[in-house]
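protein-v8.cif follows (mmCIF, C-alpha atoms):
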```cif
data_query
loop_
_atom_site.group_PDB
_atom_site.id
_atom_site.type_symbol
_atom_site.label_atom_id
_atom_site.label_comp_id
_atom_site.auth_asym_id
_atom_site.auth_seq_id
_atom_site.Cartn_x
_atom_site.Cartn_y
_atom_site.Cartn_z
ATOM 1 C CA MET A 27 0.000 0.000 0.000
ATOM 2 C CA GLY A 28 1.744 3.148 -1.176
ATOM 3 C CA VAL A 29 1.668 6.565 0.428
ATOM 4 C CA THR A 30 -0.776 7.915 -2.141
ATOM 5 C CA SER A 31 -3.379 5.373 -1.042
ATOM 6 C CA LEU A 32 -3.305 6.481 2.585
ATOM 7 C CA GLY A 33 -5.440 9.605 2.118
ATOM 8 C CA LYS A 34 -4.862 13.265 1.381
ATOM 9 C CA ASP A 35 -4.180 14.222 5.002
ATOM 10 C CA HIS A 36 -1.484 11.583 5.343
ATOM 11 C CA THR A 37 0.090 12.574 2.013
ATOM 12 C CA TRP A 38 0.226 16.204 3.144
ATOM 13 C CA GLU A 39 1.897 15.119 6.394
ATOM 14 C CA ILE A 40 4.498 13.139 4.418
ATOM 15 C CA ASN A 41 5.226 16.192 2.272
ATOM 16 C CA LEU A 42 5.622 18.326 5.380
ATOM 17 C CA ALA A 43 7.888 15.670 6.917
ATOM 18 C CA ALA A 44 10.095 15.729 3.817
ATOM 19 C CA ARG A 45 10.366 19.529 4.018
ATOM 20 C CA ALA A 46 11.262 19.353 7.725
ATOM 21 C CA ALA A 47 13.861 16.674 6.972
ATOM 22 C CA TRP A 48 15.584 18.831 4.363
ATOM 23 C CA MET A 49 15.583 21.835 6.677
ATOM 24 C CA SER A 50 17.103 19.775 9.488
ATOM 25 C CA TYR A 51 19.681 17.581 7.743
ATOM 26 C CA VAL A 52 20.615 19.782 4.772
ATOM 27 C CA GLY A 53 19.827 23.268 6.043
ATOM 28 C CA ASN A 54 21.157 22.496 9.566
ATOM 29 C CA LEU A 55 18.235 24.379 11.129
ATOM 30 C CA THR A 56 17.191 23.693 14.700
ATOM 31 C CA GLN A 57 13.755 22.252 15.433
ATOM 32 C CA SER A 58 12.749 25.647 16.820
ATOM 33 C CA GLU A 59 13.806 27.369 13.585
ATOM 34 C CA ILE A 60 11.971 24.768 11.489
ATOM 35 C CA ALA A 61 8.848 25.235 13.623
ATOM 36 C CA THR A 62 8.930 28.990 12.978
ATOM 37 C CA ARG A 63 9.342 28.557 9.217
ATOM 38 C CA LEU A 64 6.620 25.916 8.932
ATOM 39 C CA GLY A 65 4.264 27.649 11.342
ATOM 40 C CA VAL A 66 3.935 24.619 13.624
ATOM 41 C CA SER A 67 5.047 23.704 17.156
ATOM 42 C CA SER A 68 8.496 22.273 17.968
ATOM 43 C CA ALA A 69 6.779 19.128 19.204
ATOM 44 C CA ARG A 70 5.170 18.655 15.795
ATOM 45 C CA VAL A 71 8.531 19.162 14.086
ATOM 46 C CA HIS A 72 9.912 16.354 16.235
ATOM 47 C CA ARG A 73 7.013 14.117 15.123
ATOM 48 C CA LEU A 74 7.587 15.092 11.488
ATOM 49 C CA ILE A 75 11.262 14.118 11.725
ATOM 50 C CA GLN A 76 10.290 10.746 13.203
ATOM 51 C CA LEU A 77 7.720 10.267 10.416
ATOM 52 C CA ALA A 78 10.411 11.059 7.835
ATOM 53 C CA LYS A 79 12.612 8.352 9.343
ATOM 54 C CA GLN A 80 9.734 5.872 9.415
ATOM 55 C CA HIS A 81 8.985 6.389 5.704
ATOM 56 C CA GLY A 82 12.613 6.271 4.609
ATOM 57 C CA ILE A 83 12.848 9.986 3.748
ATOM 58 C CA ILE A 84 15.679 10.229 6.271
ATOM 59 C CA ARG A 85 18.086 7.332 6.088
ATOM 60 C CA ILE A 86 21.122 6.796 8.297
ATOM 61 C CA SER A 87 23.558 4.274 6.860
ATOM 62 C CA ILE A 88 26.629 3.036 8.717
ATOM 63 C CA GLU A 89 29.190 1.364 6.499
ATOM 64 C CA GLY A 90 31.286 -1.356 8.079
ATOM 65 C CA ARG A 91 31.159 -3.138 11.429
ATOM 66 C CA PRO A 92 33.612 -3.460 14.340
ATOM 67 C CA ALA A 93 36.490 -5.879 13.805
ATOM 68 C CA GLU A 94 35.181 -8.090 16.629
ATOM 69 C CA CYS A 95 31.896 -8.564 14.782
ATOM 70 C CA MET A 96 33.675 -9.405 11.543
ATOM 71 C CA HIS A 97 35.743 -12.089 13.296
ATOM 72 C CA LEU A 98 32.565 -13.540 14.804
ATOM 73 C CA GLU A 99 30.918 -13.525 11.366
ATOM 74 C CA ALA A 100 33.712 -15.690 9.973
ATOM 75 C CA GLU A 101 33.475 -18.135 12.890
ATOM 76 C CA VAL A 102 29.679 -18.484 12.727
ATOM 77 C CA THR A 103 29.760 -18.863 8.927
ATOM 78 C CA ALA A 104 32.308 -21.673 9.174
ATOM 79 C CA LYS A 105 30.695 -23.459 12.130
ATOM 80 C CA PHE A 106 27.217 -23.623 10.581
ATOM 81 C CA HIS A 107 28.278 -23.928 6.913
ATOM 82 C CA LEU A 108 26.586 -20.695 5.847
ATOM 83 C CA LYS A 109 27.073 -18.548 2.772
ATOM 84 C CA SER A 110 27.171 -15.440 4.937
ATOM 85 C CA CYS A 111 26.654 -14.142 8.447
ATOM 86 C CA THR A 112 26.078 -10.491 9.339
ATOM 87 C CA ILE A 113 26.386 -9.415 12.968
ATOM 88 C CA SER A 114 25.211 -6.123 14.452
ATOM 89 C CA PRO A 115 27.354 -4.766 17.324
ATOM 90 C CA PHE A 116 26.372 -4.845 20.982
ATOM 91 C CA LEU A 117 24.690 -1.530 21.856
ATOM 92 C CA SER A 118 23.573 -1.571 25.475
ATOM 93 C CA ASP A 119 24.172 -3.421 28.738
ATOM 94 C CA LYS A 120 20.686 -2.600 30.029
ATOM 95 C CA LYS A 121 18.408 -5.538 30.749
ATOM 96 C CA ASP A 122 15.598 -3.989 28.695
ATOM 97 C CA ASN A 123 17.628 -3.517 25.507
ATOM 98 C CA GLN A 124 15.660 -6.006 23.377
ATOM 99 C CA ASP A 125 14.038 -3.267 21.297
ATOM 100 C CA LEU A 126 17.456 -1.747 20.643
ATOM 101 C CA THR A 127 18.877 -5.155 19.695
ATOM 102 C CA SER A 128 15.988 -5.798 17.277
ATOM 103 C CA LEU A 129 16.532 -2.361 15.759
ATOM 104 C CA ALA A 130 20.266 -2.996 15.259
ATOM 105 C CA VAL A 131 19.750 -6.427 13.692
ATOM 106 C CA GLY A 132 16.979 -4.996 11.521
ATOM 107 C CA GLN A 133 19.237 -2.202 10.277
ATOM 108 C CA ALA A 134 21.965 -4.698 9.386
ATOM 109 C CA ALA A 135 19.480 -7.036 7.698
ATOM 110 C CA GLY A 136 17.936 -4.209 5.680
ATOM 111 C CA GLN A 137 21.261 -3.419 4.021
ATOM 112 C CA VAL A 138 21.867 -7.077 3.163
ATOM 113 C CA LEU A 139 18.344 -7.683 1.839
ATOM 114 C CA ALA A 140 18.451 -4.539 -0.300
ATOM 115 C CA GLN A 141 21.553 -5.850 -2.078
ATOM 116 C CA HIS A 142 19.819 -9.125 -2.936
ATOM 117 C CA ILE A 143 16.522 -7.510 -3.958
ATOM 118 C CA LEU A 144 18.457 -5.363 -6.438
ATOM 119 C CA LEU A 145 20.031 -8.402 -8.134
ATOM 120 C CA PRO A 146 18.495 -9.101 -11.584
ATOM 121 C CA SER A 147 18.229 -12.776 -10.615
ATOM 122 C CA THR A 148 15.890 -11.955 -7.703
ATOM 123 C CA LYS A 149 12.481 -12.164 -9.345
ATOM 124 C CA SER A 150 10.483 -13.436 -6.369
ATOM 125 C CA LEU A 151 10.731 -13.259 -2.596
ATOM 126 C CA ALA A 152 8.960 -15.193 0.160
ATOM 127 C CA ILE A 153 8.880 -13.515 3.566
ATOM 128 C CA ASP A 154 7.296 -13.919 6.997
ATOM 129 C CA PRO A 155 4.409 -11.441 7.281
ATOM 130 C CA PHE A 156 5.098 -10.739 10.980
ATOM 131 C CA GLY A 157 8.092 -10.212 13.263
ATOM 132 C CA THR A 158 9.503 -7.214 15.150
ATOM 133 C CA THR A 159 13.053 -7.595 13.859
ATOM 134 C CA LEU A 160 11.821 -8.322 10.356
ATOM 135 C CA THR A 161 9.661 -5.191 10.426
ATOM 136 C CA GLU A 162 12.729 -3.130 11.377
ATOM 137 C CA ALA A 163 14.613 -4.752 8.500
ATOM 138 C CA VAL A 164 12.128 -3.829 5.771
ATOM 139 C CA ARG A 165 11.773 -0.322 7.215
ATOM 140 C CA SER A 166 15.515 0.167 6.758
ATOM 141 C CA ILE A 167 15.499 -0.925 3.103
ATOM 142 C CA PRO A 168 16.079 2.127 0.881
ATOM 143 C CA GLN A 169 13.550 3.127 -1.753
ATOM 144 C CA ILE A 170 13.917 0.618 -4.602
ATOM 145 C CA SER A 171 11.680 0.620 -7.654
ATOM 146 C CA LYS A 172 11.244 -2.996 -8.680
ATOM 147 C CA PRO A 173 7.588 -3.464 -9.697
ATOM 148 C CA ALA A 174 8.393 -6.770 -11.401
ATOM 149 C CA LEU A 175 9.377 -8.320 -8.042
ATOM 150 C CA GLN A 176 6.783 -10.754 -6.695
ATOM 151 C CA VAL A 177 6.485 -11.084 -2.914
ATOM 152 C CA TRP A 178 4.692 -13.969 -1.193
ATOM 153 C CA PRO A 179 3.976 -14.491 2.542
ATOM 154 C CA THR A 180 5.259 -17.692 4.139
ATOM 155 C CA TYR A 181 2.103 -18.305 6.166
ATOM 156 C CA GLY A 182 -1.529 -17.290 6.615
ATOM 157 C CA CYS A 183 -2.090 -13.593 7.202
ATOM 158 C CA ILE A 184 -5.312 -13.498 9.237
ATOM 159 C CA SER A 185 -6.287 -14.567 12.740
ATOM 160 C CA ARG A 186 -8.274 -17.664 13.600
ATOM 161 C CA ASP A 187 -11.450 -15.613 14.107
ATOM 162 C CA PHE A 188 -10.986 -14.125 10.614
ATOM 163 C CA LYS A 189 -10.210 -10.640 11.871
ATOM 164 C CA SER A 190 -8.202 -8.578 9.432
ATOM 165 C CA VAL A 191 -4.585 -8.315 10.576
ATOM 166 C CA SER A 192 -2.319 -5.699 9.034
ATOM 167 C CA SER A 193 1.171 -6.921 8.127
ATOM 168 C CA PRO A 194 3.711 -4.096 8.544
ATOM 169 C CA VAL A 195 6.288 -6.301 6.818
ATOM 170 C CA LEU A 196 4.296 -6.674 3.602
ATOM 171 C CA SER A 197 2.895 -3.133 3.500
ATOM 172 C CA THR A 198 6.307 -1.541 4.130
ATOM 173 C CA LEU A 199 7.982 -3.785 1.571
ATOM 174 C CA GLU A 200 5.395 -2.733 -1.012
ATOM 175 C CA MET A 201 6.023 0.909 -0.175
ATOM 176 C CA ARG A 202 9.797 0.515 -0.419
ATOM 177 C CA THR A 203 10.002 -1.560 -3.621
ATOM 178 C CA LYS A 204 6.674 -1.091 -5.485
ATOM 179 C CA ALA A 205 6.668 -4.881 -5.730
ATOM 180 C CA GLU A 206 3.630 -7.056 -6.423
ATOM 181 C CA ILE A 207 2.516 -8.267 -2.997
ATOM 182 C CA GLY A 208 0.580 -11.499 -2.587
ATOM 183 C CA LEU A 209 -1.632 -12.218 0.436
ATOM 184 C CA LEU A 210 -2.606 -15.529 1.988
ATOM 185 C CA PRO A 211 -6.091 -14.659 3.329
ATOM 186 C CA VAL A 212 -6.473 -17.762 5.519
ATOM 187 C CA PRO A 213 -5.791 -18.352 9.238
ATOM 188 C CA TYR A 214 -2.227 -19.389 10.021
ATOM 189 C CA ALA A 215 -3.615 -21.600 12.782
ATOM 190 C CA PRO A 216 -7.031 -23.057 11.818
ATOM 191 C CA GLY A 217 -9.386 -24.233 14.530
ATOM 192 C CA SER A 218 -9.154 -27.933 13.609
ATOM 193 C CA GLY A 219 -7.385 -30.405 11.366
ATOM 194 C CA ALA A 220 -10.469 -30.644 9.166
ATOM 195 C CA GLU A 221 -10.509 -26.873 8.764
ATOM 196 C CA ALA A 222 -6.814 -26.900 7.868
ATOM 197 C CA ASP A 223 -7.452 -29.586 5.254
ATOM 198 C CA SER A 224 -10.249 -27.567 3.674
ATOM 199 C CA PHE A 225 -8.073 -24.472 3.379
ATOM 200 C CA GLU A 226 -5.028 -26.349 2.074
ATOM 201 C CA GLN A 227 -7.129 -27.941 -0.661
ATOM 202 C CA LEU A 228 -8.160 -24.563 -2.047
ATOM 203 C CA GLN A 229 -6.467 -24.061 -5.401
ATOM 204 C CA SER A 230 -5.595 -20.444 -4.626
ATOM 205 C CA VAL A 231 -3.857 -21.403 -1.366
ATOM 206 C CA GLU A 232 -1.982 -24.245 -3.010
ATOM 207 C CA ASP A 233 -0.846 -21.974 -5.855
ATOM 208 C CA LEU A 234 0.402 -19.224 -3.548
ATOM 209 C CA LEU A 235 2.363 -21.594 -1.292
ATOM 210 C CA SER A 236 3.845 -23.209 -4.401
ATOM 211 C CA LYS A 237 5.011 -19.810 -5.634
ATOM 212 C CA ALA A 238 6.448 -18.991 -2.206
ATOM 213 C CA SER A 239 8.355 -22.282 -2.070
ATOM 214 C CA ALA A 240 9.923 -21.506 -5.478
ATOM 215 C CA ALA A 241 11.046 -17.961 -4.555
ATOM 216 C CA ASN A 242 14.627 -16.908 -5.293
ATOM 217 C CA VAL A 243 15.009 -15.346 -1.841
ATOM 218 C CA VAL A 244 13.285 -16.512 1.351
ATOM 219 C CA VAL A 245 13.366 -14.407 4.522
ATOM 220 C CA GLY A 246 12.211 -15.483 7.968
ATOM 221 C CA GLN A 247 12.588 -14.476 11.599
ATOM 222 C CA ILE A 248 13.614 -17.096 14.136
ATOM 223 C CA HIS A 249 11.194 -17.197 17.080
ATOM 224 C CA ALA A 250 11.225 -19.199 20.280
ATOM 225 C CA ALA A 251 8.576 -21.924 20.198
ATOM 226 C CA ASP A 252 6.445 -20.145 22.805
ATOM 227 C CA HIS A 253 6.425 -16.843 20.903
ATOM 228 C CA LEU A 254 3.024 -15.356 20.100
ATOM 229 C CA ASP A 255 2.196 -12.870 17.365
ATOM 230 C CA GLU A 256 -0.878 -11.449 15.686
ATOM 231 C CA VAL A 257 -1.976 -14.755 14.150
ATOM 232 C CA THR A 258 -0.666 -17.350 16.633
ATOM 233 C CA PRO A 259 -3.230 -18.452 19.243
ATOM 234 C CA ALA A 260 -2.020 -18.793 22.839
ATOM 235 C CA GLU A 261 -2.654 -22.525 23.073
ATOM 236 C CA PHE A 262 -0.187 -23.095 20.242
ATOM 237 C CA ALA A 263 2.648 -22.136 22.591
ATOM 238 C CA THR A 264 1.508 -24.764 25.117
ATOM 239 C CA HIS A 265 1.188 -27.455 22.444
ATOM 240 C CA ALA A 266 4.542 -26.522 20.901
ATOM 241 C CA ILE A 267 6.420 -26.817 24.190
ATOM 242 C CA ALA A 268 4.625 -30.082 24.989
ATOM 243 C CA ALA A 269 5.777 -31.415 21.608
ATOM 244 C CA GLN A 270 9.379 -30.418 22.481
ATOM 245 C CA ALA A 271 9.563 -27.694 19.852
ATOM 246 C CA GLN A 272 12.484 -25.286 20.240
ATOM 247 C CA SER A 273 11.803 -22.755 17.495
ATOM 248 C CA ARG A 274 9.418 -21.462 14.873
ATOM 249 C CA PHE A 275 10.941 -20.621 11.502
ATOM 250 C CA LEU A 276 9.032 -19.781 8.298
ATOM 251 C CA GLY A 277 5.858 -20.723 10.144
ATOM 252 C CA THR A 278 6.982 -24.257 11.067
ATOM 253 C CA TYR A 279 7.793 -25.524 14.564
ATOM 254 C CA LEU A 280 11.148 -27.297 14.825
ATOM 255 C CA ASP A 281 12.647 -29.515 17.517
ATOM 256 C CA GLY A 282 16.198 -29.334 18.866
ATOM 257 C CA LEU A 283 17.532 -31.230 15.860
ATOM 258 C CA GLY A 284 15.849 -28.896 13.394
ATOM 259 C CA LYS A 285 13.159 -31.381 12.374
ATOM 260 C CA PRO A 286 9.537 -30.251 11.930
ATOM 261 C CA VAL A 287 7.299 -31.022 14.901
ATOM 262 C CA GLU A 288 4.228 -32.734 13.507
ATOM 263 C CA GLN A 289 1.210 -32.704 15.780
ATOM 264 C CA ASP A 290 -2.464 -32.346 14.902
ATOM 265 C CA LYS A 291 -2.873 -29.598 17.508
ATOM 266 C CA LEU A 292 -0.137 -27.628 15.705
ATOM 267 C CA ARG A 293 -1.715 -27.785 12.257
ATOM 268 C CA ARG A 294 -0.882 -24.583 10.439
ATOM 269 C CA ILE A 295 -1.042 -23.164 6.923
ATOM 270 C CA SER A 296 2.500 -22.218 6.073
ATOM 271 C CA LEU A 297 5.307 -22.672 3.590
ATOM 272 C CA PRO A 298 6.051 -26.433 3.342
ATOM 273 C CA LEU A 299 9.709 -26.790 4.303
ATOM 274 C CA ASN A 300 10.120 -30.015 2.316
ATOM 275 C CA ALA A 301 9.154 -28.099 -0.821
ATOM 276 C CA VAL A 302 11.762 -25.454 -0.008
ATOM 277 C CA ARG A 303 14.388 -28.121 0.626
ATOM 278 C CA ASN A 304 13.695 -30.217 -2.461
ATOM 279 C CA THR A 305 13.044 -27.576 -5.095
ATOM 280 C CA SER A 306 15.227 -27.274 -8.195
ATOM 281 C CA GLN A 307 16.108 -23.744 -7.025
ATOM 282 C CA ARG A 308 17.868 -25.092 -3.913
ATOM 283 C CA ASP A 309 21.461 -24.445 -5.013
ATOM 284 C CA ARG A 310 20.713 -20.887 -6.171
ATOM 285 C CA ARG A 311 18.212 -19.864 -3.495
ATOM 286 C CA ARG A 312 19.182 -17.753 -0.498
ATOM 287 C CA ILE A 313 17.319 -18.354 2.753
ATOM 288 C CA PHE A 314 17.870 -15.554 5.261
ATOM 289 C CA ALA A 315 17.169 -15.937 8.966
ATOM 290 C CA LEU A 316 17.004 -13.020 11.415
ATOM 291 C CA ALA A 317 17.316 -13.348 15.188
ATOM 292 C CA ALA A 318 17.900 -10.764 17.913
ATOM 293 C CA GLY A 319 18.908 -11.444 21.509
ATOM 294 C CA PRO A 320 21.004 -14.094 23.312
ATOM 295 C CA TYR A 321 17.833 -15.622 24.811
ATOM 296 C CA LEU A 322 17.207 -17.073 21.316
ATOM 297 C CA LYS A 323 20.270 -19.339 21.446
ATOM 298 C CA ALA A 324 18.272 -22.609 21.629
ATOM 299 C CA ALA A 325 15.812 -21.421 18.975
ATOM 300 C CA ALA A 326 18.608 -20.284 16.658
ATOM 301 C CA LEU A 327 20.450 -23.588 17.024
ATOM 302 C CA SER A 328 17.214 -25.445 16.289
ATOM 303 C CA ALA A 329 16.623 -23.452 13.086
ATOM 304 C CA LEU A 330 20.255 -23.746 12.006
ATOM 305 C CA HIS A 331 20.199 -27.525 12.493
ATOM 306 C CA SER A 332 17.377 -27.712 9.931
ATOM 307 C CA GLY A 333 20.012 -27.172 7.224
ATOM 308 C CA LEU A 334 17.749 -24.705 5.435
ATOM 309 C CA ILE A 335 19.418 -21.429 6.366
ATOM 310 C CA THR A 336 22.061 -20.065 4.000
ATOM 311 C CA ASP A 337 22.441 -16.551 5.426
ATOM 312 C CA LEU A 338 22.159 -15.404 9.033
ATOM 313 C CA VAL A 339 21.725 -11.906 10.494
ATOM 314 C CA ILE A 340 22.065 -11.737 14.293
ATOM 315 C CA ASP A 341 23.447 -9.568 17.090
ATOM 316 C CA GLU A 342 26.861 -9.796 18.742
ATOM 317 C CA GLU A 343 25.602 -11.342 22.000
ATOM 318 C CA LEU A 344 23.687 -14.101 20.215
ATOM 319 C CA ALA A 345 26.728 -14.830 18.023
ATOM 320 C CA GLN A 346 28.895 -15.268 21.112
ATOM 321 C CA ALA A 347 26.248 -17.533 22.659
ATOM 322 C CA LEU A 348 26.117 -19.715 19.522
ATOM 323 C CA LEU A 349 29.880 -20.129 19.578
ATOM 324 C CA SER A 350 30.204 -20.776 23.322
#
```

Could you spell out this file's structure in structure tokens?
Amino acid sequence: MGVTSLGKDHTWEINLAARAAWMSYVGNLTQSEIATRLGVSSARVHRLIQLAKQHGIIRISIEGRPAECMHLEAEVTAKFHLKSCTISPFLSDKKDNQDLTSLAVGQAAGQVLAQHILLPSTKSLAIDPFGTTLTEAVRSIPQISKPALQVWPTYGCISRDFKSVSSPVLSTLEMRTKAEIGLLPVPYAPGSGAEADSFEQLQSVEDLLSKASAANVVVGQIHAADHLDEVTPAEFATHAIAAQAQSRFLGTYLDGLGKPVEQDKLRRISLPLNAVRNTSQRDRRRIFALAAGPYLKAAALSALHSGLITDLVIDEELAQALLS
């Protein structure tokens, strides 16, 4: 959903945010000076600057990473037989720094993903529709015009009670790239096995998941098995732990050895991992996994043991935990 479809008031606010951004970062004016010139309050100028950052009008790019991170990247790449590993530096020793860690990993992932989206060979992309770190990643992708790119979600995009759930990952990616965005308008976690069967047999659902499994680039966020999001019902966490699941990756629960946990109570509509593993695209496909925070060590190891991941983007603390 592009900016122009958000309404005239929102478009005007974006225009004002762009003007405030230029005054601040190019004209070197203070927020008070900008407020005077625009005829608004300083508080509104602050909000306009934040809006400019959110919509990619203001972009802060840091080239390079500390030497310690680069050494860790080489070790993690070798240990887990990856094509690449990107590690964001440690930013805070506060106990409540998870948001900051997600932001840092997202910033690092955005730069990496942008490079692969720009490749002529990248014609399609499958991506998790939800995830805090993943949302930060797509927000940090620069404006890229690639309308021929096809984007498919890796699992159902609505809740079990059929309430509409907005995916910031998909909407932001559309805004950044002008890509063709597909939606999977079925519950990720149906109410019963019979309901799951009925959805999976729909031709439209089968076609979309087939397209997602054949994508050139696949991007997912590694979650702990008990993680809940907009489309995961609470009882799924209980069932997942009972079934000895350690992680959720690309919509599938995995045990400590990286094998899918199959249980009727965990029936879900998501990208079939066997299709991803066995496709003819396997040698050329890149499968990116994002994870933020050392508490995800067990989940990250579980996902890595699946053998699916080719590229990893994590933070410095989690990298050290994986190597310990």

### Answer key for the PyMOL selection byres ((chain A and resi 62-68) around 12), residues as a list in words
Asn41, Leu42, Ala43, Ala44, Arg45, Ala46, Ala47, Met49, Ser50, Leu55, Thr56, Gln57, Ser58, Glu59, Ile60, Ala61, Ala69, Arg70, Val71, His72, Arg73, Leu74 and Ile75 of chain A

Show me a table, sorted first by chain and then by increasing residue number, of the residues of region 189-246 of chain A having an atom at most 9 Å from region 292-306 of chain A, each with its shortest atom pair and the distance in Å to one decimal, counting only C-alpha atoms and written as a Markdown table.
```
| residue | atom | partner | partner_atom | distance |
| --- | --- | --- | --- | --- |
| A:Val212 | CA | A:Ile295 | CA | 7.8 |
| A:Pro213 | CA | A:Ile295 | CA | 7.1 |
| A:Tyr214 | CA | A:Ile295 | CA | 5.0 |
| A:Ala215 | CA | A:Arg294 | CA | 4.7 |
| A:Pro216 | CA | A:Arg294 | CA | 6.5 |
| A:Gly217 | CA | A:Arg293 | CA | 8.8 |
| A:Ser218 | CA | A:Arg293 | CA | 7.6 |
| A:Gly219 | CA | A:Arg293 | CA | 6.3 |
| A:Ala222 | CA | A:Arg293 | CA | 6.8 |
| A:Phe225 | CA | A:Ile295 | CA | 8.0 |
| A:Glu226 | CA | A:Ile295 | CA | 7.0 |
| A:Val231 | CA | A:Ile295 | CA | 8.9 |
| A:Leu235 | CA | A:Leu297 | CA | 5.8 |
| A:Ser236 | CA | A:Ala301 | CA | 8.1 |
| A:Ala238 | CA | A:Leu297 | CA | 7.0 |
| A:Ser239 | CA | A:Val302 | CA | 5.1 |
| A:Ala240 | CA | A:Thr305 | CA | 6.8 |
| A:Ala241 | CA | A:Val302 | CA | 8.8 |
```

### Task
Taking the file as shown, find all residues satisfying the PyMOL selection byres ((chain A and resi 270) around 9) and write them as a VMD selection string.
chain A and resid 251 265 to 269 271 to 272 280 to 282 287

### Selection result of the PyMOL selection byres ((chain A and resi 135) around 8) on this file, as a list in words
Thr112, Val131, Gly132, Gln133, Ala134, Gly136, Gln137, Val138, Leu139, Ala163, Leu316 and Val339 of chain A

## Note on the structure
If you count all atoms listed in the file, the residue of A:Met96, A:Ala104, A:Ile40, A:Ala325 closest to Ser273 (chain A) turns out to be A:Ala325

### Task
For CA of Gly333 (chain A) and CA of Tyr181 (chain A), determine how far apart the two atoms are, in Å to one decimal place.
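Spanning CA of Gly333 (chain A) to CA of Tyr181 (chain A) is a straight-line distance of 20.0 Å.
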
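Using only C-alpha atoms, the smallest distance between any of A:Leu151, A:Leu196, A:Leu322, A:Ala130 and Leu348 (chain A) comes from A:Leu322.
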
### Task
Using CA of Leu338 (chain A) and CA of Asp252 (chain A) as the two end points, give the distance in Å to one decimal.
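Here the two named atoms are 21.4 Å from each other.
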
### Expected answer as number ranges by chain: all residues with atoms within 6 Å of (15.7, -11.6, 1.6), all atoms listed in the file
A: 139, 243-245, 314

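CA of Val52 (chain A) lies 14.7 Å from CA of Lys79 (chain A).
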
### Query
Quick one: of A:Ile153, A:Val195, A:Ile167, A:Ala260, who's nearest to Lys237 (chain A), counting all atoms listed in the file?
A:Ile153

Please return the centre and edge lengths, in Å to one decimal, of a box with edges along x, y and z that contains all listed atoms of region 189-204 of chain A, widened by 8 Å on every side, as lines of an AutoDock Vina configuration file.
```
center_x = -0.1
center_y = -4.9
center_z = 3.2
size_x = 36.2
size_y = 27.5
size_z = 33.4
```

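For Cys111 (chain A), the list of residues within 8 Å, based on only C-alpha atoms and with local chain neighbours fewer than 6 positions off taken out, reads Glu99, Ala100, Val102, Thr103, Asp337, Leu338, Val339 and Ile340 of chain A.
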
### Task
Could you check which of A:Ser350, A:Thr37, A:Ser171, A:Ser110 is closest to Leu144 (chain A), using all atoms listed in the file?
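Nearest to Leu144 (chain A): A:Ser171.
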